[in-house]
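What follows is model25.cif (mmCIF, C-alpha atoms).
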```cif
data_start
loop_
_atom_site.label_atom_id
_atom_site.label_comp_id
_atom_site.auth_asym_id
_atom_site.auth_seq_id
_atom_site.Cartn_x
_atom_site.Cartn_y
_atom_site.Cartn_z
CA MET R 1 0.00 0.00 0.00
CA ASP R 2 1.25 3.45 -0.92
CA GLU R 3 1.64 5.51 2.24
CA ARG R 4 2.48 8.76 0.51
CA SER R 5 0.13 11.59 1.41
CA ASP R 6 -2.16 13.26 -1.05
CA ASP R 7 0.00 16.37 -0.70
CA GLU R 8 3.12 14.44 -1.65
CA LEU R 9 1.37 12.87 -4.62
CA MET R 10 0.18 16.31 -5.70
CA ARG R 11 3.71 17.66 -5.44
CA LEU R 12 5.02 14.85 -7.59
CA SER R 13 2.13 15.21 -10.03
CA GLY R 14 3.12 18.83 -10.37
CA THR R 15 6.49 17.73 -11.68
CA GLY R 16 4.80 15.67 -14.37
CA ASP R 17 4.98 12.36 -12.50
CA HIS R 18 2.24 10.32 -14.14
CA ALA R 19 2.58 7.45 -11.65
CA ALA R 20 1.97 9.77 -8.71
CA PHE R 21 -1.04 11.24 -10.43
CA ALA R 22 -2.31 7.74 -11.19
CA LYS R 23 -1.98 6.85 -7.52
CA LEU R 24 -3.98 9.92 -6.55
CA VAL R 25 -6.68 9.06 -9.06
CA GLU R 26 -6.77 5.46 -7.90
CA ARG R 27 -7.11 6.57 -4.29
CA HIS R 28 -10.08 8.87 -4.84
CA LEU R 29 -11.76 7.53 -7.97
CA VAL R 30 -14.34 5.21 -6.43
CA LYS R 31 -15.47 7.59 -3.73
CA ALA R 32 -15.59 10.49 -6.18
CA GLY R 33 -17.50 8.43 -8.70
CA LYS R 34 -20.13 7.32 -6.22
CA LEU R 35 -20.47 10.80 -4.82
CA ALA R 36 -20.87 12.38 -8.24
CA ALA R 37 -23.31 9.72 -9.44
CA ARG R 38 -25.50 10.25 -6.40
CA VAL R 39 -25.48 14.03 -6.54
CA VAL R 40 -25.97 14.22 -10.30
CA GLY R 41 -28.42 11.31 -10.17
CA ASN R 42 -26.93 9.60 -13.16
CA ARG R 43 -23.89 7.36 -13.26
CA ALA R 44 -22.67 8.32 -16.72
CA GLU R 45 -22.93 12.03 -16.06
CA GLY R 46 -21.33 11.52 -12.67
CA GLU R 47 -18.40 9.87 -14.41
CA ASP R 48 -18.08 12.83 -16.78
CA VAL R 49 -17.92 15.15 -13.80
CA VAL R 50 -15.28 12.99 -12.13
CA GLN R 51 -13.12 13.12 -15.23
CA GLU R 52 -13.35 16.88 -15.29
CA ALA R 53 -12.51 17.06 -11.59
CA PHE R 54 -9.38 14.94 -12.07
CA LEU R 55 -8.37 17.07 -15.04
CA ARG R 56 -8.47 20.03 -12.68
CA VAL R 57 -6.36 18.14 -10.19
CA TRP R 58 -3.69 17.52 -12.83
CA LEU R 59 -3.73 21.16 -13.93
CA LYS R 60 -3.64 22.42 -10.37
CA ALA R 61 -0.78 20.17 -9.30
CA PRO R 62 2.14 22.39 -10.44
CA GLU R 63 1.02 25.20 -8.18
CA TRP R 64 -0.36 23.10 -5.34
CA GLN R 65 0.25 24.49 -1.86
CA PRO R 66 0.40 21.64 0.68
CA GLU R 67 -1.70 21.87 3.81
CA ALA R 68 1.43 22.23 5.94
CA ALA R 69 2.37 25.34 3.97
CA GLY R 70 -0.97 26.96 4.49
CA GLY R 71 -2.84 25.42 1.59
CA ALA R 72 -6.06 23.47 1.65
CA ARG R 73 -6.32 19.82 2.56
CA PHE R 74 -6.31 17.96 -0.76
CA SER R 75 -9.45 15.93 -0.09
CA THR R 76 -11.41 19.00 0.97
CA TRP R 77 -10.30 20.96 -2.10
CA PHE R 78 -10.89 18.06 -4.46
CA TYR R 79 -14.36 17.20 -3.20
CA ARG R 80 -15.27 20.88 -3.22
CA VAL R 81 -14.31 21.05 -6.90
CA LEU R 82 -16.24 17.86 -7.53
CA MET R 83 -19.38 19.01 -5.71
CA ASN R 84 -19.36 22.36 -7.48
CA LEU R 85 -19.07 20.60 -10.82
CA CYS R 86 -21.89 18.27 -9.83
CA ILE R 87 -24.16 21.13 -8.83
CA ASP R 88 -23.29 23.02 -12.00
CA ARG R 89 -24.14 19.91 -13.98
CA THR R 90 -27.52 19.50 -12.34
CA ARG R 91 -28.41 23.10 -13.13
CA LYS R 92 -27.87 22.97 -16.85
CA PRO R 93 -28.73 20.42 -19.49
CA ALA R 94 -25.75 18.26 -20.28
CA PRO R 95 -24.47 18.41 -23.85
CA ALA R 96 -25.14 15.20 -25.70
CA PRO R 97 -21.98 13.16 -26.20
CA ILE R 98 -20.96 12.73 -29.81
CA GLU R 99 -21.28 8.96 -29.40
CA ALA R 100 -24.99 9.43 -28.75
CA ALA R 101 -25.58 11.01 -32.15
CA GLY R 102 -28.04 8.97 -34.12
CA GLU R 103 -29.15 6.92 -31.14
CA ILE R 104 -32.66 6.97 -29.79
CA ALA R 105 -32.80 9.08 -26.65
CA ASP R 106 -33.45 7.15 -23.46
CA SER R 107 -35.43 9.24 -21.02
CA LYS R 108 -34.70 6.97 -18.06
CA PRO R 109 -31.76 7.75 -15.79
CA ASP R 110 -29.32 5.02 -16.63
CA GLY R 111 -27.40 4.28 -13.51
CA LEU R 112 -29.07 4.67 -10.21
CA ALA R 113 -32.57 3.89 -11.39
CA ILE R 114 -31.41 0.61 -12.86
CA LEU R 115 -29.53 -0.23 -9.71
CA ALA R 116 -32.58 0.45 -7.62
CA ALA R 117 -33.71 -3.14 -7.73
CA ASN R 118 -37.12 -2.84 -6.22
CA GLU R 119 -40.00 -0.46 -5.89
CA THR R 120 -38.98 0.76 -2.45
CA SER R 121 -35.50 1.61 -3.61
CA ARG R 122 -36.91 3.26 -6.69
CA ARG R 123 -39.14 5.46 -4.60
CA VAL R 124 -36.35 6.42 -2.25
CA GLN R 125 -34.05 7.22 -5.16
CA ALA R 126 -36.73 9.36 -6.74
CA ALA R 127 -37.29 11.20 -3.47
CA ILE R 128 -33.56 11.87 -3.12
CA ALA R 129 -33.38 13.06 -6.72
CA LYS R 130 -36.11 15.60 -6.04
CA LEU R 131 -34.23 17.24 -3.17
CA PRO R 132 -32.67 20.64 -3.87
CA ASP R 133 -29.07 20.33 -5.09
CA ARG R 134 -27.32 21.39 -1.92
CA GLN R 135 -29.52 19.27 0.32
CA ARG R 136 -28.79 16.27 -1.88
CA ALA R 137 -25.10 17.10 -1.83
CA ALA R 138 -25.05 17.39 1.96
CA LEU R 139 -26.98 14.14 2.39
CA THR R 140 -24.70 12.33 -0.04
CA LEU R 141 -21.56 13.53 1.68
CA CYS R 142 -22.67 12.87 5.23
CA HIS R 143 -24.91 9.84 4.93
CA PHE R 144 -23.65 7.89 1.95
CA GLU R 145 -19.97 8.77 2.01
CA GLY R 146 -19.57 9.11 5.76
CA VAL R 147 -17.87 12.49 5.54
CA SER R 148 -17.88 14.29 8.88
CA ASN R 149 -20.14 17.30 9.27
CA ILE R 150 -17.04 19.45 9.70
CA GLU R 151 -15.47 18.34 6.43
CA ALA R 152 -18.81 18.45 4.62
CA ALA R 153 -19.19 22.07 5.71
CA GLU R 154 -15.69 22.82 4.40
CA ILE R 155 -16.40 21.09 1.11
CA LEU R 156 -19.64 22.95 0.56
CA GLU R 157 -18.09 26.16 1.94
CA ILE R 158 -20.81 26.72 4.49
CA SER R 159 -20.97 26.85 8.28
CA LEU R 160 -21.54 23.86 10.54
CA GLY R 161 -24.97 25.23 11.33
CA ALA R 162 -25.78 25.49 7.66
CA ILE R 163 -24.73 21.91 6.91
CA GLU R 164 -26.87 20.69 9.77
CA SER R 165 -29.78 22.73 8.47
CA LEU R 166 -29.39 21.28 4.97
CA LEU R 167 -29.34 17.76 6.39
CA VAL R 168 -32.37 18.36 8.60
CA ARG R 169 -34.38 19.73 5.69
CA ALA R 170 -33.26 16.90 3.43
CA ARG R 171 -34.14 14.14 5.87
CA ARG R 172 -37.42 15.72 6.96
CA THR R 173 -38.49 16.08 3.34
CA LEU R 174 -37.58 12.46 2.69
CA ARG R 175 -39.45 11.34 5.77
CA GLU R 176 -42.55 13.23 4.68
CA ASN R 177 -42.40 11.96 1.12
CA LEU R 178 -41.74 8.39 2.23
CA ALA R 179 -44.00 8.46 5.26
CA ASP R 180 -45.62 5.11 4.51
CA LEU R 181 -42.20 3.46 4.29
CA VAL R 182 -40.79 5.12 7.38
CA ALA R 183 -43.80 4.30 9.54
CA PRO R 184 -43.18 1.57 12.10
CA MET R 185 -44.17 -1.90 10.94
CA ASP R 186 -46.25 -2.71 14.03
CA LYS R 187 -48.67 0.17 13.57
CA MET V 1 -29.45 17.74 26.03
CA THR V 2 -33.12 18.32 25.35
CA ILE V 3 -35.57 16.25 23.35
CA GLU V 4 -35.78 19.04 20.80
CA ARG V 5 -32.01 19.14 20.33
CA LEU V 6 -31.88 15.36 20.05
CA ARG V 7 -34.64 15.49 17.44
CA GLN V 8 -32.54 18.01 15.48
CA ILE V 9 -29.44 15.81 15.71
CA LEU V 10 -31.35 12.70 14.62
CA ASP V 11 -32.99 14.59 11.78
CA ALA V 12 -29.62 15.83 10.57
CA PHE V 13 -27.32 12.89 11.12
CA GLY V 14 -29.51 9.84 11.54
CA ALA V 15 -29.53 7.22 14.25
CA ASP V 16 -25.85 6.25 14.27
CA PRO V 17 -24.13 7.98 17.21
CA ALA V 18 -20.83 7.85 15.32
CA ARG V 19 -22.22 10.49 12.95
CA TRP V 20 -23.39 12.85 15.67
CA PRO V 21 -21.40 15.92 16.71
CA LYS V 22 -18.77 14.68 19.17
CA THR V 23 -19.43 17.38 21.70
CA GLU V 24 -23.08 16.38 22.03
CA ARG V 25 -22.81 12.63 21.69
CA ASP V 26 -22.58 11.75 25.37
CA GLY V 27 -25.51 13.94 26.31
CA ALA V 28 -27.63 12.49 23.53
CA LEU V 29 -26.81 8.92 24.55
CA ALA V 30 -27.63 9.68 28.16
CA LEU V 31 -31.02 11.03 27.16
CA LEU V 32 -31.66 8.01 24.97
CA ALA V 33 -30.93 5.71 27.86
CA THR V 34 -33.77 7.16 29.91
CA SER V 35 -36.34 8.72 27.61
CA PRO V 36 -38.93 6.63 25.71
CA GLU V 37 -39.66 9.65 23.51
CA ALA V 38 -35.97 9.92 22.63
CA GLN V 39 -35.93 6.22 21.80
CA ARG V 40 -38.99 6.62 19.57
CA LEU V 41 -37.28 9.42 17.67
CA ARG V 42 -34.12 7.34 17.30
CA ASP V 43 -36.11 4.38 15.97
CA GLU V 44 -37.78 6.63 13.43
CA ALA V 45 -34.38 7.95 12.32
CA ARG V 46 -33.10 4.40 12.13
CA ARG V 47 -35.88 3.40 9.74
CA LEU V 48 -35.05 6.27 7.43
CA ASP V 49 -31.37 5.31 7.62
CA SER V 50 -32.26 1.77 6.59
CA LEU V 51 -34.29 2.99 3.64
CA LEU V 52 -31.47 5.21 2.48
CA ASN V 53 -28.90 2.46 2.88
CA GLU V 54 -31.06 0.00 1.00
CA ALA V 55 -31.71 2.43 -1.82
CA GLY V 56 -28.13 3.66 -1.92
CA GLY V 57 -26.94 0.23 -2.90
CA ALA V 58 -23.79 -0.33 -4.84
CA ILE V 59 -22.89 1.91 -7.73
CA GLU V 60 -20.85 0.13 -10.31
CA LEU V 61 -18.60 2.65 -11.94
CA ARG V 62 -17.27 2.08 -15.41
CA LEU V 63 -14.38 4.47 -15.01
CA ASP V 64 -10.97 2.97 -15.45
CA ALA V 65 -8.25 4.76 -13.52
CA LYS V 66 -5.47 3.96 -15.99
CA ALA V 67 -7.48 5.08 -19.00
CA LEU V 68 -8.54 8.24 -17.20
CA VAL V 69 -4.98 9.14 -16.28
CA ALA V 70 -3.78 8.45 -19.81
CA ALA V 71 -6.54 10.59 -21.32
CA ILE V 72 -5.80 13.51 -19.03
CA THR V 73 -2.03 13.41 -19.28
CA ASP V 74 -2.13 12.95 -23.05
CA ALA V 75 -4.56 15.81 -23.52
CA THR V 76 -2.40 18.13 -21.44
CA ALA V 77 0.99 16.86 -22.50
CA ASN V 78 2.82 20.16 -22.20
CA VAL V 79 1.18 21.67 -19.19
CA HIS V 80 3.79 20.77 -16.60
CA ARG V 81 6.73 21.79 -18.75
CA LEU V 82 5.70 25.41 -19.18
CA PRO V 83 6.68 28.35 -17.02
CA LYS V 84 4.25 28.99 -14.17
CA SER V 85 3.07 32.28 -15.65
CA SER V 86 2.04 30.54 -18.84
CA ARG V 87 0.24 27.81 -16.92
CA ARG V 88 -1.85 30.31 -15.06
CA LYS V 89 -2.84 32.17 -18.17
CA PHE V 90 -3.43 29.13 -20.33
CA PRO V 91 -4.34 26.26 -18.06
CA LEU V 92 -5.36 23.99 -20.93
CA THR V 93 -2.09 24.47 -22.75
CA GLY V 94 -2.11 21.01 -24.21
CA ALA V 95 -5.45 21.72 -25.81
CA TRP V 96 -4.51 25.17 -27.02
CA PRO V 97 -2.68 24.32 -30.25
CA GLY V 98 -6.01 23.42 -31.82
CA PHE V 99 -7.62 26.65 -30.76
CA ALA V 100 -4.51 28.63 -31.67
CA GLY V 101 -4.44 27.05 -35.11
CA LEU V 102 -8.09 27.84 -35.60
CA ALA V 103 -7.56 31.44 -34.53
CA ALA V 104 -4.50 31.78 -36.76
CA ALA V 105 -6.42 30.39 -39.71
CA ALA V 106 -9.28 32.78 -39.05
CA ALA V 107 -6.87 35.71 -38.80
CA ALA V 108 -5.08 34.65 -41.97
CA GLY V 109 -8.39 34.34 -43.77
CA PHE V 110 -9.40 37.79 -42.65
CA ILE V 111 -6.10 39.31 -43.78
CA VAL V 112 -6.19 37.56 -47.13
CA GLY V 113 -9.76 38.65 -47.62
CA TRP V 114 -8.94 42.17 -46.60
CA MET V 115 -5.93 42.31 -48.88
CA GLY V 116 -7.96 40.89 -51.73
CA LEU V 117 -10.62 43.49 -51.19
CA ALA V 118 -8.00 46.22 -51.10
CA ALA V 119 -6.43 44.89 -54.27
CA ASP V 120 -9.78 44.82 -55.93
CA TYR V 121 -10.32 48.42 -55.01
CA SER V 122 -6.95 49.34 -56.36
CA LEU V 123 -7.78 47.70 -59.65
CA GLY V 124 -11.35 48.59 -60.27
CA THR V 125 -14.53 50.20 -59.13
CA GLN V 126 -16.55 49.78 -55.99
CA ALA V 127 -19.09 47.71 -57.88
CA GLU V 128 -16.42 45.38 -59.20
CA ALA V 129 -15.08 44.88 -55.71
CA ALA V 130 -18.53 44.12 -54.42
CA ASP V 131 -18.86 41.45 -57.07
CA GLN V 132 -15.64 39.90 -55.88
CA VAL V 133 -16.84 39.65 -52.28
CA SER V 134 -20.05 37.79 -52.67
CA GLY V 135 -22.37 38.02 -49.75
CA PHE V 136 -21.23 41.46 -48.70
CA THR V 137 -22.75 44.77 -49.65
CA VAL V 138 -20.37 47.67 -50.04
CA THR V 139 -22.18 50.94 -49.60
CA GLU V 140 -19.37 53.45 -49.64
CA VAL V 141 -15.92 53.78 -51.04
CA ALA V 142 -13.37 52.30 -48.71
CA PRO V 143 -10.84 54.78 -47.38
CA TRP V 144 -7.81 52.70 -48.29
#
```
Here is a file; write its structure as structure tokens.
Amino acid sequence: MDERSDDELMRLSGTGDHAAFAKLVERHLVKAGKLAARVVGNRAEGEDVVQEAFLRVWLKAPEWQPEAAGGARFSTWFYRVLMNLCIDRTRKPAPAPIEAAGEIADSKPDGLAILAANETSRRVQAAIAKLPDRQRAALTLCHFEGVSNIEAAEILEISLGAIESLLVRARRTLRENLADLVAPMDK
Amino acid sequence: MTIERLRQILDAFGADPARWPKTERDGALALLATSPEAQRLRDEARRLDSLLNEAGGAIELRLDAKALVAAITDATANVHRLPKSSRRKFPLTGAWPGFAGLAAAAAAGFIVGWMGLAADYSLGTQAEAADQVSGFTVTEVAPW
């Protein structure tokens, strides 16, 4: 296992070290991909966003300031970039990929909806997808990815109180919209 | 810790104490140990957690780390070899040759067109020049 810190890998990436950059990508790819897919609500678009986020990592590397020198923590900076790209993506229609030209448009979300194997999961996914962007982002970070409330607040560039408020509104909305599923079984 | 504060914590972070704010965790657990209402709220939060976990499921990504790295480093082949000032101004340096070529071609086309128009004016009348530049309407004699 590679014990080098993200900062060290960024420093090396900044010198053009492809292996160091590959290690950084490998380390964060899965988490970033899941996060983006959940926030964007579509696996393929989430993957597009992840690619763009890693491109920014590579371009940022030459001027990266490590945390010890007063810079940001890599993971906080990276997931902030990723979340901003995700939110941008959800606010504008995605351009159709060139590969899609000539194909019949599929109106169904490809990734998460397919993975939602049953009706309950489908309903929950739909309810999450309907949440406002930042509520969905907060819920994804804190619930699905286990990011602490402190780091989630840093990533979304809001206060601790604000992240808590986003989460409360998100979960209360979900509870209301899924009331029949949340209700205790013995009642 | 009050019931209202516990309700807020459960609504925000769910039923798992590990996700609660550290500074309030002990107080919340103490209340849970004695209050049936607190326990009811926790159970409700736990059911929502279960639904979310079930629906979250596994996401199978199709991204390949090696291919992604290759695509990025190939597309930006020159970026880390340039002076810092250039990097900041033109962050997508590797992609710029295409744009630069396009811009140069456009500029060249404009100059050639402009020169041609000037030559036409030097050789003939305004009407003749207009004929040479189809699609444009010349309404006054050019100053050059």
Record the distance separating CA of Ile158 in chain R and CA of Gln125 in chain R, expressed in Å with one decimal.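 About the pair CA of Ile158 in chain R and CA of Gln125 in chain R: they are 25.5 Å apart.
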Going by the chain IDs and residue numbers used in this file, which residues fall under the PyMOL selection byres ((chain V) within 7 of (chain R))? Write them as a PyMOL selection string. chain V and resi 8+11-12+44+47-48+52+54-55+59+61+63+65-66+68-69+72+80+91
Run the PyMOL selection byres ((chain V and resi 21) around 12) against the file shown and list the residues it catches, as a PyMOL selection string. (chain R and resi 142+148-150+160-161+163-164) or (chain V and resi 5-6+8-10+12-14+16-20+22-29)
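Interatomic distance, CA of Gln65 in chain R to CA of Val39 in chain R: 28.2 Å.
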Distance CA of Ser75 in chain R-CA of Glu151 in chain R, one decimal place?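 Pair CA of Ser75 in chain R / CA of Glu151 in chain R returns 9.2 Å.
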Restricting the calculation to only C-alpha atoms: of V:Arg40, V:Gly56, V:Ala77, V:Ala45, which residue gets closest to Glu145 in chain R? V:Gly56
Incomplete range 17-51 of chain V brought to N, CA and C atoms, written out as a PDB file, in the frame of the given file:
```
ATOM      1  N   PRO V  17     -24.831   6.998  16.363  1.00  0.00           N
ATOM      2  CA  PRO V  17     -24.130   7.980  17.210  1.00  0.00           C
ATOM      3  C   PRO V  17     -22.767   8.400  16.657  1.00  0.00           C
ATOM      4  N   ALA V  18     -22.143   7.520  15.876  1.00  0.00           N
ATOM      5  CA  ALA V  18     -20.830   7.850  15.320  1.00  0.00           C
ATOM      6  C   ALA V  18     -20.900   9.067  14.398  1.00  0.00           C
ATOM      7  N   ARG V  19     -22.073   9.355  13.875  1.00  0.00           N
ATOM      8  CA  ARG V  19     -22.220  10.490  12.950  1.00  0.00           C
ATOM      9  C   ARG V  19     -22.626  11.763  13.684  1.00  0.00           C
ATOM     10  N   TRP V  20     -22.932  11.674  14.943  1.00  0.00           N
ATOM     11  CA  TRP V  20     -23.390  12.850  15.670  1.00  0.00           C
ATOM     12  C   TRP V  20     -22.206  13.758  16.028  1.00  0.00           C
ATOM     13  N   PRO V  21     -22.488  15.027  16.266  1.00  0.00           N
ATOM     14  CA  PRO V  21     -21.400  15.920  16.710  1.00  0.00           C
ATOM     15  C   PRO V  21     -20.777  15.381  18.009  1.00  0.00           C
ATOM     16  N   LYS V  22     -19.465  15.298  18.026  1.00  0.00           N
ATOM     17  CA  LYS V  22     -18.770  14.680  19.170  1.00  0.00           C
ATOM     18  C   LYS V  22     -19.132  15.340  20.488  1.00  0.00           C
ATOM     19  N   THR V  23     -19.232  16.648  20.445  1.00  0.00           N
ATOM     20  CA  THR V  23     -19.430  17.380  21.700  1.00  0.00           C
ATOM     21  C   THR V  23     -20.806  17.101  22.316  1.00  0.00           C
ATOM     22  N   GLU V  24     -21.734  16.595  21.521  1.00  0.00           N
ATOM     23  CA  GLU V  24     -23.080  16.380  22.030  1.00  0.00           C
ATOM     24  C   GLU V  24     -23.443  14.902  22.150  1.00  0.00           C
ATOM     25  N   ARG V  25     -22.498  14.059  21.774  1.00  0.00           N
ATOM     26  CA  ARG V  25     -22.810  12.630  21.690  1.00  0.00           C
ATOM     27  C   ARG V  25     -23.161  12.032  23.056  1.00  0.00           C
ATOM     28  N   ASP V  26     -22.353  12.337  24.053  1.00  0.00           N
ATOM     29  CA  ASP V  26     -22.580  11.750  25.370  1.00  0.00           C
ATOM     30  C   ASP V  26     -23.931  12.174  25.943  1.00  0.00           C
ATOM     31  N   GLY V  27     -24.235  13.445  25.796  1.00  0.00           N
ATOM     32  CA  GLY V  27     -25.510  13.940  26.310  1.00  0.00           C
ATOM     33  C   GLY V  27     -26.685  13.289  25.599  1.00  0.00           C
ATOM     34  N   ALA V  28     -26.546  13.111  24.302  1.00  0.00           N
ATOM     35  CA  ALA V  28     -27.630  12.490  23.530  1.00  0.00           C
ATOM     36  C   ALA V  28     -27.816  11.032  23.941  1.00  0.00           C
ATOM     37  N   LEU V  29     -26.719  10.329  24.143  1.00  0.00           N
ATOM     38  CA  LEU V  29     -26.810   8.920  24.550  1.00  0.00           C
ATOM     39  C   LEU V  29     -27.420   8.781  25.935  1.00  0.00           C
ATOM     40  N   ALA V  30     -27.075   9.713  26.807  1.00  0.00           N
ATOM     41  CA  ALA V  30     -27.630   9.680  28.160  1.00  0.00           C
ATOM     42  C   ALA V  30     -29.150   9.880  28.115  1.00  0.00           C
ATOM     43  N   LEU V  31     -29.585  10.792  27.288  1.00  0.00           N
ATOM     44  CA  LEU V  31     -31.020  11.030  27.160  1.00  0.00           C
ATOM     45  C   LEU V  31     -31.717   9.801  26.573  1.00  0.00           C
ATOM     46  N   LEU V  32     -31.086   9.210  25.595  1.00  0.00           N
ATOM     47  CA  LEU V  32     -31.660   8.010  24.970  1.00  0.00           C
ATOM     48  C   LEU V  32     -31.813   6.857  25.962  1.00  0.00           C
ATOM     49  N   ALA V  33     -30.905   6.815  26.895  1.00  0.00           N
ATOM     50  CA  ALA V  33     -30.930   5.710  27.860  1.00  0.00           C
ATOM     51  C   ALA V  33     -32.133   5.800  28.789  1.00  0.00           C
ATOM     52  N   THR V  34     -32.705   6.992  28.914  1.00  0.00           N
ATOM     53  CA  THR V  34     -33.770   7.160  29.910  1.00  0.00           C
ATOM     54  C   THR V  34     -35.109   7.606  29.327  1.00  0.00           C
ATOM     55  N   SER V  35     -35.117   8.113  28.127  1.00  0.00           N
ATOM     56  CA  SER V  35     -36.340   8.720  27.610  1.00  0.00           C
ATOM     57  C   SER V  35     -36.993   7.862  26.519  1.00  0.00           C
ATOM     58  N   PRO V  36     -38.208   7.392  26.753  1.00  0.00           N
ATOM     59  CA  PRO V  36     -38.930   6.630  25.710  1.00  0.00           C
ATOM     60  C   PRO V  36     -39.171   7.496  24.463  1.00  0.00           C
ATOM     61  N   GLU V  37     -39.431   8.766  24.656  1.00  0.00           N
ATOM     62  CA  GLU V  37     -39.660   9.650  23.510  1.00  0.00           C
ATOM     63  C   GLU V  37     -38.377   9.755  22.671  1.00  0.00           C
ATOM     64  N   ALA V  38     -37.254   9.866  23.354  1.00  0.00           N
ATOM     65  CA  ALA V  38     -35.970   9.920  22.630  1.00  0.00           C
ATOM     66  C   ALA V  38     -35.759   8.621  21.849  1.00  0.00           C
ATOM     67  N   GLN V  39     -36.112   7.524  22.464  1.00  0.00           N
ATOM     68  CA  GLN V  39     -35.930   6.220  21.800  1.00  0.00           C
ATOM     69  C   GLN V  39     -36.858   6.104  20.586  1.00  0.00           C
ATOM     70  N   ARG V  40     -38.055   6.657  20.705  1.00  0.00           N
ATOM     71  CA  ARG V  40     -38.990   6.620  19.570  1.00  0.00           C
ATOM     72  C   ARG V  40     -38.418   7.427  18.393  1.00  0.00           C
ATOM     73  N   LEU V  41     -37.878   8.579  18.724  1.00  0.00           N
ATOM     74  CA  LEU V  41     -37.280   9.420  17.670  1.00  0.00           C
ATOM     75  C   LEU V  41     -36.092   8.707  17.018  1.00  0.00           C
ATOM     76  N   ARG V  42     -35.282   8.055  17.850  1.00  0.00           N
ATOM     77  CA  ARG V  42     -34.120   7.340  17.300  1.00  0.00           C
ATOM     78  C   ARG V  42     -34.574   6.197  16.383  1.00  0.00           C
ATOM     79  N   ASP V  43     -35.617   5.488  16.795  1.00  0.00           N
ATOM     80  CA  ASP V  43     -36.110   4.380  15.970  1.00  0.00           C
ATOM     81  C   ASP V  43     -36.620   4.887  14.619  1.00  0.00           C
ATOM     82  N   GLU V  44     -37.274   6.040  14.668  1.00  0.00           N
ATOM     83  CA  GLU V  44     -37.780   6.630  13.430  1.00  0.00           C
ATOM     84  C   GLU V  44     -36.602   7.003  12.513  1.00  0.00           C
ATOM     85  N   ALA V  45     -35.574   7.591  13.111  1.00  0.00           N
ATOM     86  CA  ALA V  45     -34.380   7.950  12.320  1.00  0.00           C
ATOM     87  C   ALA V  45     -33.710   6.702  11.771  1.00  0.00           C
ATOM     88  N   ARG V  46     -33.745   5.650  12.557  1.00  0.00           N
ATOM     89  CA  ARG V  46     -33.100   4.400  12.130  1.00  0.00           C
ATOM     90  C   ARG V  46     -33.819   3.811  10.907  1.00  0.00           C
ATOM     91  N   ARG V  47     -35.134   3.926  10.892  1.00  0.00           N
ATOM     92  CA  ARG V  47     -35.880   3.400   9.740  1.00  0.00           C
ATOM     93  C   ARG V  47     -35.552   4.179   8.458  1.00  0.00           C
ATOM     94  N   LEU V  48     -35.430   5.481   8.607  1.00  0.00           N
ATOM     95  CA  LEU V  48     -35.050   6.270   7.430  1.00  0.00           C
ATOM     96  C   LEU V  48     -33.634   5.917   6.986  1.00  0.00           C
ATOM     97  N   ASP V  49     -32.734   5.735   7.956  1.00  0.00           N
ATOM     98  CA  ASP V  49     -31.370   5.310   7.620  1.00  0.00           C
ATOM     99  C   ASP V  49     -31.391   4.013   6.806  1.00  0.00           C
ATOM    100  N   SER V  50     -32.205   3.068   7.268  1.00  0.00           N
ATOM    101  CA  SER V  50     -32.260   1.770   6.590  1.00  0.00           C
ATOM    102  C   SER V  50     -32.755   1.922   5.154  1.00  0.00           C
ATOM    103  N   LEU V  51     -33.777   2.754   4.999  1.00  0.00           N
ATOM    104  CA  LEU V  51     -34.290   2.990   3.640  1.00  0.00           C
ATOM    105  C   LEU V  51     -33.215   3.581   2.740  1.00  0.00           C
TER     106      LEU V  51
END
```
